[in-house]
Every structure is written in structure tokens, then in C-alpha cells.
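As provided, run-v8.txt (compact mmCIF, C-alpha atoms) reads as follows.
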```txt
# COMPACT_ATOMS: atom_id res chain seq x y z
CA MET B 1 161.80 200.01 70.68
CA THR B 2 161.53 203.67 69.72
CA GLU B 3 158.05 205.07 70.37
CA PRO B 4 155.85 205.29 67.27
CA SER B 5 156.38 208.34 65.09
CA LYS B 6 155.06 209.40 61.71
CA VAL B 7 158.72 209.69 60.66
CA ILE B 8 160.34 206.44 59.43
CA HIS B 9 164.10 205.96 59.46
CA VAL B 10 165.44 203.87 56.53
CA ARG B 11 168.97 202.40 56.57
CA ASN B 12 171.21 200.79 53.93
CA VAL B 13 169.92 203.18 51.24
CA GLY B 14 172.57 202.67 48.54
CA HIS B 15 173.51 205.29 45.96
CA GLU B 16 171.50 203.39 43.32
CA ILE B 17 168.26 203.87 45.30
CA SER B 18 166.23 206.91 44.28
CA GLU B 19 163.57 208.98 46.01
CA ASN B 20 161.02 207.32 43.68
CA ASP B 21 162.01 203.88 44.96
CA LEU B 22 161.38 204.92 48.55
CA LEU B 23 158.09 206.61 47.65
CA GLN B 24 156.89 203.39 46.02
CA LEU B 25 157.84 201.41 49.12
CA PHE B 26 155.76 203.53 51.50
CA GLN B 27 153.08 205.28 49.41
CA PRO B 28 150.60 202.34 49.63
CA PHE B 29 150.33 202.89 53.40
CA GLY B 30 149.31 206.55 53.24
CA VAL B 31 150.26 210.02 52.10
CA ILE B 32 153.99 210.84 52.32
CA THR B 33 154.43 214.47 53.31
CA LYS B 34 158.25 214.72 53.39
CA LEU B 35 161.24 212.72 52.19
CA VAL B 36 164.85 213.44 53.12
CA MET B 37 167.75 211.56 51.52
CA LEU B 38 170.82 211.40 53.79
CA ARG B 39 173.21 210.33 51.03
CA ALA B 40 176.40 210.60 53.07
CA LYS B 41 175.03 208.13 55.62
CA ASN B 42 173.18 205.82 53.16
CA GLN B 43 169.99 206.63 55.04
CA ALA B 44 166.66 208.35 54.47
CA LEU B 45 163.86 209.86 56.55
CA ILE B 46 160.24 209.58 55.43
CA GLN B 47 157.40 211.45 57.07
CA MET B 48 153.92 209.97 56.70
CA GLN B 49 150.77 212.05 57.09
CA ASP B 50 149.97 210.43 60.44
CA ILE B 51 151.27 207.87 62.93
CA PRO B 52 148.80 205.04 61.99
CA SER B 53 150.13 205.11 58.40
CA ALA B 54 153.69 204.73 59.69
CA VAL B 55 152.64 201.96 62.09
CA ASN B 56 150.93 200.05 59.25
CA ALA B 57 154.05 200.31 57.10
CA LEU B 58 156.38 199.05 59.84
CA GLN B 59 154.02 196.23 60.80
CA PHE B 60 153.95 195.08 57.17
CA TYR B 61 157.74 195.24 56.79
CA ALA B 62 158.22 193.35 60.04
CA ASN B 63 156.99 190.31 58.09
CA VAL B 64 158.18 191.13 54.57
CA GLN B 65 161.82 192.15 54.10
CA PRO B 66 161.79 195.38 52.06
CA SER B 67 164.23 195.18 49.16
CA ILE B 68 165.05 197.80 46.54
CA ARG B 69 167.05 196.95 43.41
CA GLY B 70 168.25 193.75 45.06
CA ARG B 71 169.38 195.54 48.23
CA ASN B 72 167.68 194.93 51.59
CA VAL B 73 166.77 198.13 53.40
CA TYR B 74 165.96 198.33 57.10
CA VAL B 75 163.18 200.42 58.58
CA GLN B 76 162.32 201.65 62.08
CA PHE B 77 160.60 204.57 63.74
CA SER B 78 162.75 207.70 63.79
CA SER B 79 163.56 209.54 66.99
CA HIS B 80 162.16 212.59 65.16
CA GLN B 81 158.44 213.16 65.65
CA GLU B 82 158.44 215.74 62.82
CA LEU B 83 160.91 216.68 60.08
CA THR B 84 162.01 220.29 60.18
CA THR B 85 163.24 222.53 57.37
CA MET B 86 166.78 222.00 58.67
CA ASP B 87 166.41 218.24 58.28
CA GLN B 88 165.15 218.63 54.75
CA ASN B 89 167.99 220.92 53.71
CA THR B 90 170.50 218.17 54.50
CA GLN B 91 169.46 216.19 51.45
CA GLY B 92 171.80 218.32 49.33
CA ARG B 93 170.19 217.45 46.00
CA GLY B 94 171.07 220.79 44.48
CA ASP B 95 167.45 220.88 43.45
CA GLU B 96 167.46 224.41 42.08
CA PRO B 97 163.92 225.70 41.41
CA ASN B 98 163.20 226.08 37.72
CA ARG B 99 160.08 226.85 35.67
CA ILE B 100 160.40 223.47 33.90
CA LEU B 101 159.38 220.35 35.82
CA LEU B 102 160.46 216.79 35.04
CA VAL B 103 157.54 214.51 35.92
CA THR B 104 157.79 210.70 36.18
CA ILE B 105 154.52 208.76 36.40
CA HIS B 106 154.56 205.47 38.28
CA HIS B 107 152.03 202.59 38.22
CA MET B 108 150.35 204.02 35.14
CA LEU B 109 147.23 201.92 34.55
CA TYR B 110 145.38 204.54 32.48
CA PRO B 111 146.43 206.62 29.47
CA ILE B 112 148.19 209.89 30.29
CA THR B 113 148.10 212.46 27.49
CA VAL B 114 149.09 216.10 27.20
CA ASP B 115 145.47 217.08 27.90
CA VAL B 116 145.41 215.06 31.13
CA LEU B 117 148.69 216.62 32.29
CA HIS B 118 147.51 220.10 31.39
CA GLN B 119 144.34 219.57 33.42
CA VAL B 120 146.44 218.47 36.42
CA PHE B 121 149.12 221.19 36.27
CA SER B 122 147.29 224.27 34.89
CA PRO B 123 145.47 225.12 38.18
CA HIS B 124 148.87 226.14 39.59
CA GLY B 125 149.88 228.57 36.84
CA PHE B 126 150.00 229.13 33.08
CA VAL B 127 151.47 226.05 31.39
CA GLU B 128 153.33 227.06 28.22
CA LYS B 129 154.56 223.71 26.91
CA VAL B 130 154.26 219.96 27.63
CA VAL B 131 156.35 217.15 26.17
CA THR B 132 155.82 213.45 27.04
CA PHE B 133 158.19 210.55 26.31
CA GLN B 134 159.28 207.09 27.40
CA LYS B 135 162.59 206.52 29.19
CA SER B 136 164.04 203.67 31.24
CA ALA B 137 162.57 205.28 34.38
CA GLY B 138 159.10 204.92 32.86
CA PHE B 139 156.65 207.39 31.35
CA GLN B 140 157.90 210.96 31.79
CA ALA B 141 156.86 214.50 30.90
CA LEU B 142 158.42 217.95 30.88
CA ILE B 143 156.05 220.74 31.96
CA GLN B 144 157.12 224.33 31.24
CA TYR B 145 155.40 227.07 33.24
CA GLN B 146 155.41 230.76 32.43
CA SER B 147 156.97 231.51 35.83
CA ARG B 148 159.30 229.70 38.21
CA GLN B 149 156.96 230.43 41.14
CA SER B 150 154.14 228.49 39.44
CA ALA B 151 156.46 225.48 39.05
CA VAL B 152 157.45 225.64 42.73
CA VAL B 153 153.80 225.81 43.82
CA ALA B 154 152.82 222.94 41.50
CA ARG B 155 155.65 220.70 42.73
CA THR B 156 154.76 221.36 46.37
CA ALA B 157 151.06 220.67 45.77
CA LEU B 158 151.36 217.62 43.51
CA GLN B 159 154.49 215.70 44.54
CA GLY B 160 153.59 212.10 45.42
CA ARG B 161 149.90 212.53 44.52
CA ASN B 162 147.96 210.14 42.25
CA ILE B 163 146.26 211.42 39.10
CA TYR B 164 143.71 208.60 39.36
CA ASP B 165 142.65 206.78 42.50
CA GLY B 166 145.33 204.25 43.45
CA CYS B 167 147.56 204.71 40.39
CA CYS B 168 149.43 207.14 38.12
CA GLN B 169 151.56 208.56 40.94
CA LEU B 170 153.44 211.81 40.24
CA ASP B 171 157.14 212.12 41.04
CA ILE B 172 158.22 215.70 40.29
CA GLN B 173 161.70 217.22 40.07
CA PHE B 174 162.98 220.51 38.71
CA SER B 175 164.49 220.11 35.25
CA ASN B 176 167.83 221.69 34.37
CA LEU B 177 166.55 222.71 30.90
CA ASP B 178 166.05 226.39 30.10
CA GLU B 179 163.46 226.11 27.32
CA LEU B 180 161.43 223.27 25.80
CA GLN B 181 161.43 222.86 22.04
CA VAL B 182 158.07 221.62 20.76
CA ASN B 183 157.74 220.71 17.08
CA PHE B 184 154.22 219.24 17.00
CA ASN B 185 150.89 219.80 18.74
CA ASN B 186 149.32 216.41 19.43
CA GLU B 187 148.48 214.08 22.34
CA ARG B 188 152.18 213.69 23.25
CA SER B 189 153.51 217.23 22.91
CA ARG B 190 151.91 220.67 22.92
CA ASP B 191 152.97 224.31 22.73
CA PHE B 192 150.08 226.25 24.30
CA THR B 193 151.67 229.54 23.16
CA ASN B 194 151.66 228.44 19.49
CA PRO B 195 148.44 226.62 18.55
CA ASN B 196 149.35 226.61 14.82
CA LEU B 197 152.05 223.94 15.00
CA PRO B 198 151.41 220.86 12.81
CA THR B 199 150.49 217.45 14.18
CA GLU B 200 153.23 214.89 13.69
CA GLN B 201 153.32 212.17 11.08
CA LYS B 202 151.89 209.05 12.76
CA GLY B 203 154.46 206.62 14.14
CA ARG B 204 157.28 209.15 14.48
CA SER B 205 158.82 210.05 17.80
CA PRO B 206 157.49 213.53 18.66
CA GLN B 207 160.59 214.83 20.45
CA PRO B 208 163.63 212.66 19.69
CA GLY B 209 165.81 214.95 21.74
CA TYR B 210 163.92 214.22 24.97
CA GLY B 211 163.29 210.49 24.79
CA ASP B 212 162.30 207.55 22.66
CA ALA B 213 158.53 207.43 22.27
CA GLY B 214 158.58 205.13 19.24
CA GLY B 215 158.94 201.39 18.90
CA MET B 216 156.35 198.68 18.41
CA TYR B 217 155.77 198.23 22.11
CA ALA B 218 156.32 201.84 23.18
CA LEU B 219 154.30 202.92 26.18
CA GLN B 220 151.09 204.54 25.06
CA ALA B 221 147.99 203.65 26.97
CA SER B 222 149.60 201.83 29.87
CA GLY B 223 153.01 201.73 31.51
CA ARG B 224 155.11 199.33 33.49
CA GLY B 225 154.13 198.66 37.06
CA VAL B 226 155.84 200.37 39.95
CA ALA B 227 159.37 199.17 40.64
CA PHE B 228 158.16 197.07 43.57
CA PRO B 229 154.70 196.06 42.45
CA GLN B 230 153.96 193.93 45.49
CA MET B 231 153.58 197.30 47.21
CA ALA B 232 150.78 198.40 44.88
CA ASN B 233 148.31 196.37 46.93
CA ALA B 234 150.45 195.99 50.02
CA ALA B 235 147.63 195.99 52.54
CA ALA B 236 145.57 193.43 50.58
CA ILE B 237 148.62 191.20 50.06
CA ALA B 238 149.52 191.39 53.74
CA ALA B 239 145.96 190.48 54.73
CA ALA B 240 145.80 187.62 52.22
CA PHE B 241 149.07 185.94 53.10
CA GLY B 242 149.41 186.79 56.78
CA GLY B 243 152.27 189.21 56.18
CA GLY B 244 154.30 186.68 54.15
CA LEU B 245 154.15 185.52 50.54
CA PRO B 246 153.21 182.17 48.97
CA PRO B 247 156.14 179.73 48.53
CA GLY B 248 157.98 180.42 45.28
CA ILE B 249 156.74 184.03 45.01
CA SER B 250 159.51 186.64 45.35
CA GLY B 251 157.31 189.73 45.31
CA THR B 252 160.06 191.70 43.53
CA ASN B 253 159.10 191.16 39.87
CA ASP B 254 158.37 194.39 37.99
CA ARG B 255 157.39 192.91 34.59
CA CYS B 256 153.65 193.22 33.97
CA THR B 257 153.37 191.44 30.62
CA VAL B 258 153.22 187.65 30.31
CA LEU B 259 153.91 185.56 27.17
CA VAL B 260 151.80 182.40 26.88
CA SER B 261 152.76 179.77 24.29
CA ASN B 262 151.69 176.27 23.21
CA LEU B 263 148.06 177.35 23.18
CA ASN B 264 145.48 175.46 21.13
CA PRO B 265 144.81 178.07 18.40
CA ASP B 266 141.59 176.36 17.28
CA ARG B 267 139.94 176.69 20.68
CA ILE B 268 141.50 179.70 22.43
CA ASP B 269 140.41 183.34 22.25
CA GLU B 270 141.04 186.51 24.25
CA ASP B 271 138.03 186.13 26.54
CA LYS B 272 139.00 182.58 27.48
CA LEU B 273 142.52 183.77 28.35
CA PHE B 274 140.98 186.59 30.36
CA ASN B 275 138.85 184.13 32.35
CA LEU B 276 141.94 182.08 33.27
CA PHE B 277 144.49 184.82 33.96
CA SER B 278 142.07 187.14 35.79
CA ILE B 279 142.16 184.65 38.69
CA TYR B 280 145.64 186.02 39.48
CA GLY B 281 145.14 189.73 38.89
CA ASN B 282 143.44 192.44 36.87
CA ILE B 283 143.92 192.28 33.09
CA VAL B 284 144.81 195.44 31.15
CA ARG B 285 144.83 194.02 27.60
CA ILE B 286 145.44 190.81 25.65
CA LYS B 287 146.91 190.27 22.19
CA LEU B 288 146.92 187.00 20.22
CA LEU B 289 149.98 186.95 17.95
CA ARG B 290 148.78 186.47 14.37
CA ASN B 291 152.22 185.32 13.13
CA LYS B 292 152.38 182.77 15.97
CA PRO B 293 148.79 181.53 16.47
CA ASP B 294 149.70 179.50 19.57
CA HIS B 295 151.20 182.56 21.34
CA ALA B 296 149.54 185.41 23.25
CA LEU B 297 150.64 188.44 25.27
CA ILE B 298 148.73 189.28 28.44
CA GLN B 299 149.31 192.53 30.32
CA MET B 300 148.49 192.25 34.02
CA GLY B 301 147.72 195.06 36.45
CA ASP B 302 151.18 194.94 38.06
CA GLY B 303 154.28 192.79 38.38
CA PHE B 304 153.12 190.96 41.50
CA GLN B 305 149.98 189.75 39.74
CA ALA B 306 152.04 188.74 36.68
CA GLU B 307 154.36 186.73 38.94
CA LEU B 308 151.38 184.90 40.45
CA ALA B 309 150.11 184.00 36.96
CA VAL B 310 153.50 182.73 35.77
CA HIS B 311 154.05 180.75 38.99
CA PHE B 312 150.64 179.08 39.17
CA LEU B 313 149.89 178.52 35.45
CA LYS B 314 153.26 177.34 34.10
CA GLY B 315 152.69 173.79 32.82
CA ALA B 316 148.90 173.85 33.22
CA MET B 317 146.92 171.75 30.73
CA LEU B 318 144.27 173.42 28.57
CA PHE B 319 142.54 172.10 25.44
CA GLY B 320 145.03 169.21 25.15
CA LYS B 321 148.11 171.46 25.38
CA ARG B 322 150.59 172.06 28.20
CA LEU B 323 150.88 175.86 28.61
CA GLU B 324 154.22 177.64 28.66
CA VAL B 325 153.89 180.84 30.70
CA ASN B 326 156.82 183.24 31.01
CA PHE B 327 157.51 186.94 31.53
CA SER B 328 157.59 188.85 28.25
CA LYS B 329 160.49 191.05 27.17
CA HIS B 330 157.89 193.73 26.33
CA PRO B 331 157.01 195.97 29.32
CA ASN B 332 153.47 196.48 28.02
CA ILE B 333 151.24 195.87 25.01
CA THR B 334 150.57 198.75 22.65
CA GLN B 335 146.86 199.37 22.19
CA GLY B 336 145.80 198.60 18.63
CA ALA B 337 143.38 196.89 16.27
CA GLU B 338 144.57 193.43 17.32
CA THR B 339 144.38 194.00 21.09
CA HIS B 340 141.40 193.36 23.33
CA GLU B 341 140.99 195.93 26.12
CA TYR B 342 140.03 194.81 29.62
CA VAL B 343 141.34 197.63 31.84
CA ASN B 344 137.80 198.93 32.47
CA SER B 345 136.10 195.52 32.52
CA ASN B 346 133.81 194.99 35.48
CA LEU B 347 134.80 191.31 35.29
CA ASN B 348 138.26 192.12 36.65
CA ARG B 349 138.20 190.39 40.03
CA PHE B 350 140.72 192.46 42.01
CA ASN B 351 138.88 195.79 41.97
CA ARG B 352 136.85 194.50 44.94
CA ASN B 353 137.80 192.13 47.76
CA ALA B 354 141.43 192.06 46.61
CA ALA B 355 142.68 190.29 49.77
CA LYS B 356 140.13 187.50 49.34
CA ASN B 357 141.04 187.03 45.69
CA TYR B 358 144.79 186.90 46.45
CA ARG B 359 144.06 184.25 49.07
CA TYR B 360 142.26 182.08 46.48
CA CYS B 361 145.24 182.09 44.05
CA CYS B 362 146.46 178.55 43.32
CA SER B 363 147.39 176.25 40.46
CA PRO B 364 144.44 174.69 38.60
CA THR B 365 142.64 172.01 40.64
CA LYS B 366 139.99 169.37 39.88
CA MET B 367 137.38 171.31 41.83
CA ILE B 368 135.78 174.60 40.82
CA HIS B 369 133.72 176.96 42.98
CA LEU B 370 130.65 178.66 41.49
CA SER B 371 129.11 181.79 42.99
CA THR B 372 126.51 184.46 42.10
CA LEU B 373 124.11 181.63 41.25
CA PRO B 374 120.34 182.13 40.96
CA GLN B 375 118.53 181.35 44.22
CA GLU B 376 116.30 178.73 42.62
CA ILE B 377 119.10 176.88 40.75
CA THR B 378 119.31 173.07 40.95
CA GLU B 379 122.32 170.74 40.83
CA GLU B 380 120.91 169.23 37.63
CA GLU B 381 120.94 172.63 35.88
CA ILE B 382 124.54 173.27 36.97
CA ILE B 383 125.67 169.83 35.74
CA SER B 384 123.89 170.37 32.44
CA HIS B 385 125.70 173.71 32.05
CA LEU B 386 129.17 172.22 32.67
CA GLU B 387 129.20 168.54 31.73
CA GLU B 388 130.32 169.09 28.13
CA HIS B 389 133.78 169.89 29.51
CA GLY B 390 134.46 166.58 31.23
CA THR B 391 133.36 163.93 33.70
CA ILE B 392 131.82 165.42 36.87
CA THR B 393 132.51 163.11 39.82
CA ASN B 394 130.84 165.05 42.64
CA THR B 395 128.76 168.18 43.29
CA LYS B 396 127.59 170.19 46.25
CA LEU B 397 125.04 173.01 46.17
CA PHE B 398 124.95 175.13 49.33
CA GLU B 399 124.01 178.53 50.70
CA MET B 400 126.37 181.00 52.39
CA ASN B 401 125.27 184.39 53.72
CA GLY B 402 121.96 183.87 51.97
CA LYS B 403 123.58 183.32 48.53
CA LYS B 404 123.61 180.10 46.51
CA GLN B 405 127.06 178.62 45.72
CA ALA B 406 128.32 175.29 44.39
CA LEU B 407 131.40 173.05 44.33
CA ILE B 408 131.91 170.88 41.25
CA MET B 409 134.55 168.12 41.14
CA PHE B 410 135.88 166.99 37.74
CA GLU B 411 137.93 163.90 36.96
CA THR B 412 141.03 165.95 35.96
CA GLU B 413 142.50 169.43 36.46
CA GLU B 414 142.36 169.99 32.69
CA GLN B 415 138.60 169.39 32.57
CA ALA B 416 138.03 171.79 35.49
CA THR B 417 140.25 174.39 33.80
CA GLU B 418 138.31 174.08 30.55
CA ALA B 419 135.00 174.52 32.39
CA LEU B 420 136.30 177.64 34.14
CA VAL B 421 137.77 179.11 30.94
CA CYS B 422 134.61 178.49 28.90
CA LYS B 423 131.86 179.10 31.47
CA HIS B 424 133.13 181.85 33.84
CA ALA B 425 131.00 185.00 33.34
CA THR B 426 128.37 183.11 31.30
CA SER B 427 124.64 183.31 31.95
CA LEU B 428 122.91 180.53 33.87
CA SER B 429 119.15 180.95 34.39
CA GLY B 430 119.53 184.70 34.01
CA SER B 431 122.53 185.17 36.37
CA ILE B 432 126.13 185.85 35.33
CA ILE B 433 128.05 183.15 37.20
CA ARG B 434 131.53 183.47 38.66
CA ILE B 435 133.94 180.50 38.69
CA SER B 436 137.20 180.02 40.61
CA PHE B 437 139.42 177.06 41.46
CA SER B 438 138.77 175.58 44.90
CA GLN B 439 141.65 174.46 47.09
CA LEU B 440 139.45 171.89 48.88
CA GLN B 441 140.58 168.30 48.32
CA SER B 442 137.12 166.76 48.59
CA ILE B 443 133.48 167.68 48.98
```
Output the file's structure in the form of C-alpha cells.
Amino acid sequence: MTEPSKVIHVRNVGHEISENDLLQLFQPFGVITKLVMLRAKNQALIQMQDIPSAVNALQFYANVQPSIRGRNVYVQFSSHQELTTMDQNTQGRGDEPNRILLVTIHHMLYPITVDVLHQVFSPHGFVEKVVTFQKSAGFQALIQYQSRQSAVVARTALQGRNIYDGCCQLDIQFSNLDELQVNFNNERSRDFTNPNLPTEQKGRSPQPGYGDAGGMYALQASGRGVAFPQMANAAAIAAAFGGGLPPGISGTNDRCTVLVSNLNPDRIDEDKLFNLFSIYGNIVRIKLLRNKPDHALIQMGDGFQAELAVHFLKGAMLFGKRLEVNFSKHPNITQGAETHEYVNSNLNRFNRNAAKNYRYCCSPTKMIHLSTLPQEITEEEIISHLEEHGTITNTKLFEMNGKKQALIMFETEEQATEALVCKHATSLSGSIIRISFSQLQSI
């Protein structure tokens, strides 16, 4: 085997595979400093910031076959220890420097506005104009600098960086446009050289010539996950599943929004749905459909988490109904009066101990696990808190690492699910308790 190098050699890179795709495959393992596309050979060279990052990536992909757009790619250490300028010039992109940058933002979990982009790009030169829009590639922006040199400096400094920690990754190319036309000054377009432009009429696409920013479910506060969302938490996923994936999970889904139907409209609400679906990933927002009271849309943190939810919850019983859980045709849910926001909720489970939470993912079981209990709690108090949801057949109160925990066995999976949905994150003797399904068969 070739000795470890910070340069990774990728083979079978078809013409349909872009630089962004490769960045998304390797960015979770560390900073990518250089990327060379060898189009004539269907290959690519990727230079990580250091050798450990490259080693981590190759160890992960030794167990999980990397696939891009349905095509398997093959990775190994390159014989190069460092990419030179000569290597980089072979990519032949015809990437002619220009004062206008085309910016694509991947894994966009937080709102990106003109003001955010201006804050990011203005340290590198005077930004004249910014236009944002939604295209098939995701959320994009055009940034026009006063000088071409500023654009070159900005691209060099910001390419591949994240605006926020762990998300909103910048992919920057030179645009072939000569001048941006900005008609309105608002959160989606701005001409910094002409502050007197009007704001647009609400609901209209700000720059129809650049992209479609309209539509009921247009991207506003949150975008689609990265193209290969299992990579968003690659290290945690690898640790949770021993380098593989659970049976039935492909790891290639990129749809973040889930449609749940056959709910019991008299008993369900957004917080109860949050309690159930947050077992499988972070929740961005939830919308109950007023015209279909037994339907709801749930936007997960990324496509891998959405796939876990669909896989494990399809057919689960809740409040006397068998749930239908499928991927939605909508890439995300537009923030509005009828949506409940959870992106900043401290109840999202996967912001901490992600590997442990992935490991606990399973279909609903008869047994639930309670943690963050008060030290002086009794089994009787726990039973009293939960028994309205069904027949409790067994209990066990125990201590682990000095913290009180409990296992509660119900007669059916539906009763256990109802207890979790209704009592997770409720107060018991002054403590906010946490409830998960347990994969133990007996106490």
C-alpha cells in the first residue's frame, strides 16, 4: 500500500461529478487545501490540511463504499506528498478570474441573507452588489467586487470554508457575468453603490434573471442537506455503526424533509412530533398541514437523519393510528406563521454525543429509557408520571456514573411510544427528564 500522504487519489470520477461533490465527500474529515480535477482521466486529487485527516477519510471509506450520484468512486493515497502549481494547472477548468463570484452554499442549516454574505466577503475588498437565489444546485449568490483582485483574494481565502461551525460551506467559482443588475435592496439582493433602490413587493422573485427564488417552498431560512448527507456527521456515524450502516439504510438520501400522514389530529401537536422524530436526528422545523389535519411536514438536520426516521418509524403505532412516514417532495419547509422552529432548540439530541445517539436509533420498542432523573426519585414517582399511557409491566431504577436512570417496560410498543411522545422533556420533581427507546429485550 502507498505510504500515507495528505493527498488522496480518487478514481472513476465521471463527468457528472463536480468539485462540490468531492468537497462534500472529504470535508467532514478536515480542511481541504487543494482540489485538482483530472477530467481526461476521470480522476481527481484532493489535498487535506494534514496526513491524519487523509488517514481518517481513507479508514472511513475502507468500510463504507463512497458513491456520488449513483457512481462508486475509489480512493487511495496518492504518490504525491504535496500538490504543486503544475498539478493544479492540469485541471483545465478555464476558470478565468473575474470580479464577480458565483457562490454555492452547502448544508445550509441557518438563514443566509445579503447581510451575512456581505459580512463574510467584505473583509477582502469593496463589495458592490450581492444577489441571492435558489437553483437546482442549492442556495447560490453572486458577489460583485469593485476589483478583480479582491475577488481572487476572497476566493482563495474562503473556498471550502464554513460560514457557521459545521455547516453553510462555501463553494466559490468565478462567474462569467460582466455586471450584476440589482432591482431591489432587501435581504435577498443589494446594490451597495445605490442605497436608494426600492424594496421588492413581498412574494416576488427579486432577480428572475438569475434564478427562481419564489414558490411556496422556496429556500429561505434553511436549505437542502449536502448531496451526500451521511458525510455531514461522518466521524460520528462511523463510530456509531462500526464503519458500516444499519441494515436497510443506504446513506445516500439527500432529502431532508419528511411527510407524516395518518396522524391522530385530536391528540398530536408539533412538540409531540418533535419528541418522536428527534430520536433520529436534529429537527429544523415542523408544520402541521391545516388543510390535511392528519398530515405534517418535518424538516430534519440532513438527509441521513431523515432516512433513519423514515426507516424506523414507518408503520409505527401512535394514538391508535398506524403512521405513514415518507420523504416529502419539498426540499425544505418555508418558515412562516404556521411553522414551529426547532433549529436552535437545546432539546435537539444530536448537538452533543452524536455517535451515542446514532447508536440508539431503532424502531419503537416496549421499553423506554429515562435519564437526567432527580437523585432522590423513586420508582413509585416514575410510575405515577407515566402510567396514564398504558400498562407498565416492569421497572428498574439504577445509577450509572453517579446519575439516576430508569428502564420502564410497557405492555405494547404503542404505549411506550405514547409515553415517550408525551413525557420526554417534561418536568419530574424539578428535573427535565429525557426519554429514549431501549433496545434491551428484558429488564
As a check of understanding: the span from CA of Ile368 (chain B) to CA of Ile286 (chain B) is 24.2 Å
Mind giving me the straight-line distance from CA of Leu245 (chain B) to CA of Gly14 (chain B) in Å, one decimal?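 A separation of 25.2 Å between them.
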With the cut-off set at 12 Å and counting all atoms listed in the file, tabulate each residue of region 102-153 of chain B with an atom at most that distance from an atom of region 254-260 of chain B, showing the nearest atom pair and its distance in Å to one decimal, ordered by chain and increasing number, as a tab-separated table.
```
residue	atom	partner	partner_atom	distance
B:His106	CA	B:Asp254	CA	11.7
B:His107	CA	B:Asp254	CA	10.4
B:Met108	CA	B:Cys256	CA	11.4
B:Leu109	CA	B:Cys256	CA	10.8
B:Gly138	CA	B:Asp254	CA	11.7
```
Write out as a PyMOL selection string the residues lying within 8 Å of region 146-153 of chain B, counting only C-alpha atoms and excluding same-chain residues fewer than 3 positions away. chain B and resi 97-101+124-128+156-157
Measuring atom to atom with only C-alpha atoms, identify which of B:His340, B:His15, B:His9, B:Arg359 is nearest to Ile279 (chain B).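 Nearest candidate to Ile279 (chain B) out of B:His340, B:His15, B:His9, B:Arg359: B:Arg359.
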Residues within 12 Å of Asn348 (chain B), please, as a list in words. Count all atoms listed in the file; anything in the same chain fewer than 4 positions from it doesn't count.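 Near Asn348 (chain B), the qualifying residues are Asp271, Phe274, Asn275, Leu276, Phe277, Ser278, Ile279, Tyr280, Gly281, Asn282, Ile283, Val284, Arg285, Met300, Gly301, Glu341, Tyr342, Val343, Asn344, Arg352, Asn353, Ala354, Asn357, His424, Ala425 and Arg434 of chain B.
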Of the candidates B:Thr391, B:Thr412, B:Ser189, B:Thr104, which shows the shortest atom-to-atom distance to Gln173 (chain B), using only C-alpha atoms?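 With only C-alpha atoms as the atom set, the closest residue is B:Thr104.
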Provide the CA of Thr33 (chain B) to CA of Ile17 (chain B) distance in Å, to one decimal place.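 Straight-line distance from CA of Thr33 (chain B) to CA of Ile17 (chain B) works out to 19.2 Å.
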For Phe29 (chain B), which residue out of B:Ala57, B:Leu370, B:Leu323, B:Leu177 is the nearest one, using all atoms listed in the file? B:Ala57
